[in-house]
Each structure stands twice: as C-alpha cells, then as structure tokens.
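Single-structure report; data block below.
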Amino acid sequence: MSAPLNIKVHTPSKRYDVICGKGALRVATDKIANLGRSTGNFLLTSAKVRSACGRQLKRTLGSRVLTASIVFDDRESAKNLSTVEKVCRALVRAGADRKSILIAAGGGVVGDVAGFVAASYLRGVRLVHIPTTLVAQVDSSIGGKTGVNLPEGKNLAGAFYQPDLVIVDPLTLRTLPAREYRSGLYEVIKYGVIGDRSLFSCLERDLEKLLKRDEAALGYAIPRCIAAKARITSRDEKESGLREVLNFGHTFGHAIETVTRYRVFRHGEAVGWGMIAATLLGVVCTGLPVAYAARIIRLVRRVGALPLLPQCNVRKLLDAMRSDKKSRGGRLRFVVPMDIGRVKSGAEVPDDLLSTVWSELRALDRKPR
Ligand SMILES: NC(=O)c1ccc[n+]([C@@H]2O[C@H](COP(=O)([O-])OP(=O)(O)OC[C@H]3O[C@@H](n4cnc5c(N)ncnc54)[C@H](O)[C@@H]3O)[C@@H](O)[C@H]2O)c1
Ligand SMILES: [Zn+2]
C-alpha cells in the first residue's frame with residue numbers, strides 16, 4: 001500500500017495537513033501525536049458512524065489513544081445549538097481542558113457541530129477531522145466553516161475555525177449508503193467545472209468506476225478535490241472573493257432545498273440541479289459553448305436519477321434565493337461556467353432569464369433519463 005498523500009492548507013489563521021489516501025487511518029495516531037502535548041483525546045461521533053466505521057476507528061484510535069467518546073445525533077434536524085450545548089457539557093464532565101484534542105469522525109453534520117464546539121469550548125481547542133462521507137472528505141472537513149442551523153434557517157450560527165489535522169481515508173466510504181455517496185459525486189463534478197479540466201475529463205471517462213467506488217478512481221479524484229479546496233481556502237479563508245467559486249450550483253441548489261424544506265433532496269442532489277441551471281445560464285451570460293454545456297449536463301445526469309423538482313412557481317424560488325445569506329442586498333449572484341475548468345462569479349442575471357431556466361429544468365425533469 002503506498003503512503004498516503006499530505007496536502008498542505010495554509011490559511012492566515014492556521015496551517016495544517018490533510019493526510020489523504022487508502023489506509024490513512026493507520027497513521028492517524030502518529031499524526032495526532034505530532035500535534036504536540038495533549039491532556040486528552042476526545043472522539044466526537046454519532047451512533048450511526050460508530051456502527052458503520054467503529055471497527056476501523058478502533059483499530060487506530062483504541063483506548064490507548066482516546067480518553068473518552070462522545071456520541072451525538074447526526075441527523076440534520078439535530079444540527080443545532082442544543083446539540084452543541086450537550087456536547088460541550090459532556091466534554092466538561094469528561095474532563096476536557098484547553099490542551100485537549102477533539103477528534104470528529106463522521107459526515108458533514110458531525111464535522112460542522114464538532115467544529116463549532118471546538119471553536120467555542122473554552123474559547124477554542126484543537127480539532128482533528130476524520131471525515132467519513134464523500135461530501136465531508138472533499139468539502140466540509142477542509143476550509144474551516146463550522147456551524148449549526150437555527151429554526152430560521154440553515155448554518156446561521158457558526159464560526160470560521162480551522163482544524164489542526166484532517167485524515168481522509170476512502171476506505172471509510174465503503175459502508176456509505178448509495179444515495180449519500182452519489183450526493184458527494186455532484187460536489188466532485190463541481191470541482192472539475194470550477195477549476196480542473198483534467199479532473200472533469202477523468203470523471204467523464206471513469207464515472208462508472210467511481211459509481212462502483214473503485215479504489216484507483218477514488219484515489220485520483222478525492223485528492224484533486226481536496227487540493228482545489230485547500231488552494232481556494234488558503235487564498236480566501238473567510239469568503240471575501242475567490243472562495244465564491246465554490247458556490248457553483250449552490251444558488252439554485254440552496255433555493256431548491258429551501259422550498260422543499262430540506263426533506264426531499266440530499267444537498268448534493270440539489271446542487272446537481274443547480275449546476276445544470278448555472279450551466280444553462282453560462283451559455284447566455286458568458287458564451288459558454290453549447291457543446292461544453294451539454295458535456296457538463298450529461299455528466300451530472302449520469303450520476304443517477306435526481307429527485308423530481310418541486311412544482312413551485314419561479315417567484316417562490318427567487319424569494320428563497322434572495323433570502324439566502326449569500327445574496328448581497330437582495331441582488332442575486334451566480335457562479336457560471338465560461339469553459340470547462342473556468343467559471344465567472346458574481347454574474348447578475350435578469351429574473352426573466354431565471355424564469356426561462358426554471359421552465360427548462362422542469363421540462364428536463366419530465367423526460368425519461
Ligand atoms: N462546513 C462546510 O464547509 C460544509 C460543506 C458542505 C456541507 N456541509 C454540511 O454537511 C452536512 C451534510 O454532510 P454529509 O453529506 O456528509 O451528510 P451527513 O453528515 O448527514 O451524513 C449522511 C449520513 O451518512 C451517515 N454516515 C456517515 N459516514 C458514514 C459511513 N462511512 N458509513 C455509513 N454511514 C455513514 C451519517 O450518520 C448520516 O446518516 C450538511 O449539514 C451541510 O450543511 C458543510
Ligand atoms: Zn455544497
């Protein structure tokens with residue numbers, strides 16, 4: 001087995017390594033030890049992740065390494081301040097202090113909650129991510145966005161807080177339900193469109209292999225995505241400009257999730273529709289060649305059948321887009337492809353074009369795939 005890769009993230013607030021590759025978990029103990037003296041290592045995870053990956057985690061993070069494990073509910077509906085409070089209180093009871101290390105093992109929900117806990121517990125303790133979903137491996141565990149939902153909306157309370165180490169082992173993906181796995185593949189396609197033409201071509205060639213979780217295909221795709229996220233977040237830690245490109249497909253995507261109240265779509269699936277919408281906008285706004293637009297749309301659709309779009313009026317969708325925390329003063333901004341591997345961000349689009357695109361998406365939805 002070849003040694004895992006080490007991808008460096010250099011943000012103004014912290015520098016850290018992302019250790020990535022098959023078997024990366026085997027080196028977790030040493031890498032955690034390299035973080036310096038710790039008064040205790042506390043595993044934060046969920047019951048579901050523990051039953052899926054417990055054996056793998058135990059093999060490396062046995063009782064020799066771990067002081068205590070804290071298990072919390074990782075349903076999206078439990079990603080809230082009450083869970084943050086419960087986890088913080090459990091840490092106090094378990095004796096965690098400022099020199100302790102939190103180790104978050106799980107998907108984006110575990111990572112977002114644990115990240116926010118790490119940022120706020122005793123005003124900040126060290127954090128190690130061990131992401132176990134594809135979304136978490138290529139996206140949420142890198143870059144330092146942490147936070148939880150409020151009844152008023154998603155991810156409304158949080159902090160930028162970088163981890164000290166990320167351990168990405170694709171072997172943990174073996175137990176991931178098929179729909180969760182496919183949901184992550186949409187984010188992988190996103191990285192190809194926003195900045196990596198070679199990754200995009202490779203996805204076109206090897207999508208079937210990736211759908212079967214082929215080790216070699218994952219071994220290529222996951223580090224490419226991590227390297228892209230590392231590059232972008234190192235240059236724009238707090239989303240003041242460049243980082244916006246990561247929102248390709250997310251303006252429509254978030255609106256679709258909002259109008260369906262987060263009950264119908266996995267996040268990646270909504271982004272799948274959102275990327276199709278943004279690609280159609282690209283044809284009009286940036287002169288994206290139609291043949292390239294067709295390639296992007298075809299690749300997205302090859303991942304699998306997306307849930308049906310809501311039967312709502314475009315007005316409702318636009319309202320949802322305008323109330324998104326990323327819209328500026330109610331003005332909608334889109335990230336649209338100019339080419340495969342190059343996007344333009346901050347594109348402003350008239351409502352009538354958005355209405356046309358929404359009709360076209362729904363027409364696409366009615367056709368057999
Ligand atoms: N912070 C960021 O930058 C960022 C980026 C993208 C998404 N997110 C957040 O991440 C969340 C979505 O994350 P997600 O897609 O990873 O989903 P998730 O955390 O909801 O996990 C999906 C399901 O898979 C289970 N699971 C996790 N790992 C498993 C494994 N190896 N085997 C079997 N089951 C496993 C979980 O218990 C859960 O039921 C959302 O809350 C989203 O807002 C954050
Ligand atoms: Zn996303």
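Identifiers for the structure tokens are assigned positionally: chains receive A, B, ... in sequence, residues are indexed from 1 per chain, and ligands are indexed from 1 in the order shown.
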What residues have any atom no more than 8 Å from ligand 2 when counting only C-alpha atoms and all ligand atoms, and can you list them as a list of chain:residue names?
A:Val135, A:Asp139, A:Glu187, A:Leu246, A:Asn247, A:His250, A:His267, A:Gly268, A:Val271
Selected residues written out with N, CA and C atoms, as a tab-separated table (two decimals), in the first residue's frame:
```tsv
chain	number	residue	atom	x	y	z
A	135	VAL	N	-18.95	13.79	0.81
A	135	VAL	CA	-19.11	15.25	0.94
A	135	VAL	C	-18.11	15.80	1.97
A	139	ASP	N	-15.08	18.21	0.87
A	139	ASP	CA	-15.59	19.56	1.05
A	139	ASP	C	-15.59	20.03	2.50
A	187	GLU	N	-20.61	17.07	-5.88
A	187	GLU	CA	-19.62	18.07	-5.45
A	187	GLU	C	-18.27	17.81	-6.13
A	246	LEU	N	-16.72	28.28	-5.17
A	246	LEU	CA	-17.18	27.01	-4.60
A	246	LEU	C	-18.71	26.93	-4.57
A	247	ASN	N	-19.35	28.07	-4.78
A	247	ASN	CA	-20.82	28.10	-4.76
A	247	ASN	C	-21.44	27.78	-6.11
A	250	HIS	N	-24.86	26.29	-6.30
A	250	HIS	CA	-25.45	26.37	-4.97
A	250	HIS	C	-26.55	27.42	-4.84
A	267	HIS	N	-28.21	17.37	-0.11
A	267	HIS	CA	-27.61	18.63	-0.56
A	267	HIS	C	-26.99	18.50	-1.96
A	268	GLY	N	-26.21	17.44	-2.16
A	268	GLY	CA	-25.53	17.26	-3.45
A	268	GLY	C	-26.52	17.14	-4.60
A	271	VAL	N	-27.62	20.45	-5.54
A	271	VAL	CA	-26.52	21.10	-6.26
A	271	VAL	C	-26.43	20.55	-7.69
```
What residues have any atom no more than 8 Å from ligand 1 when counting only C-alpha atoms and all ligand atoms, and can you list them as a ChimeraX atom specification?
/A:46-49,52-53,74-76,79,106-112,131-136,139-148,154-155,172-177,180,183-184,266-268
DSSP-assigned strand (DSSP E or B) among stretch 84-251 of chain A, expressed as JSON, numbers by chain
{"A": [101, 102, 103, 104, 105, 106, 126, 127, 128, 129, 130, 131, 145, 146, 147, 148, 149, 150, 153, 154, 155, 156, 157, 158, 159, 160, 165, 166, 167, 168]}
With C-alpha atoms retained, write the just-selected residues as a PDB file, in the first residue's frame.
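part_3.pdb, freshly written:
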```pdb
ATOM      1  CA  ILE A 101      -7.838  17.487  21.283  1.00  0.00           C
ATOM      2  CA  LEU A 102     -11.276  16.858  19.775  1.00  0.00           C
ATOM      3  CA  ILE A 103     -11.425  14.231  17.038  1.00  0.00           C
ATOM      4  CA  ALA A 104     -14.538  14.483  14.876  1.00  0.00           C
ATOM      5  CA  ALA A 105     -15.354  11.280  12.965  1.00  0.00           C
ATOM      6  CA  GLY A 106     -18.367  11.392  10.669  1.00  0.00           C
ATOM      7  CA  ARG A 126      -7.552  21.678  18.887  1.00  0.00           C
ATOM      8  CA  LEU A 127      -9.569  19.784  16.313  1.00  0.00           C
ATOM      9  CA  VAL A 128      -8.900  16.774  14.091  1.00  0.00           C
ATOM     10  CA  HIS A 129     -11.357  15.809  11.366  1.00  0.00           C
ATOM     11  CA  ILE A 130     -11.802  12.232  10.219  1.00  0.00           C
ATOM     12  CA  PRO A 131     -14.458  12.659   7.510  1.00  0.00           C
ATOM     13  CA  LYS A 145     -16.528  26.635   8.045  1.00  0.00           C
ATOM     14  CA  THR A 146     -18.341  25.341  11.100  1.00  0.00           C
ATOM     15  CA  GLY A 147     -21.815  25.938  12.385  1.00  0.00           C
ATOM     16  CA  VAL A 148     -25.330  24.817  13.100  1.00  0.00           C
ATOM     17  CA  ASN A 149     -28.869  25.560  11.971  1.00  0.00           C
ATOM     18  CA  LEU A 150     -31.374  27.886  13.642  1.00  0.00           C
ATOM     19  CA  GLY A 153     -32.508  28.779   8.525  1.00  0.00           C
ATOM     20  CA  LYS A 154     -29.510  26.608   7.777  1.00  0.00           C
ATOM     21  CA  ASN A 155     -25.997  27.245   9.078  1.00  0.00           C
ATOM     22  CA  LEU A 156     -26.977  30.615  10.561  1.00  0.00           C
ATOM     23  CA  ALA A 157     -24.848  30.311  13.728  1.00  0.00           C
ATOM     24  CA  GLY A 158     -21.209  29.382  13.379  1.00  0.00           C
ATOM     25  CA  ALA A 159     -17.585  30.378  13.146  1.00  0.00           C
ATOM     26  CA  PHE A 160     -14.593  30.104  10.867  1.00  0.00           C
ATOM     27  CA  LEU A 165      -5.289  17.964  11.042  1.00  0.00           C
ATOM     28  CA  VAL A 166      -7.574  16.140   8.618  1.00  0.00           C
ATOM     29  CA  ILE A 167      -7.341  12.397   7.967  1.00  0.00           C
ATOM     30  CA  VAL A 168      -9.136  11.285   4.803  1.00  0.00           C
TER      31      VAL A 168
END
```
Grab the atom CA of A:Thr279 to atom CA of A:Thr251 distance for me, in Å with one decimal place.
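Between atom CA of A:Thr279 and atom CA of A:Thr251 the gap is 12.2 Å.
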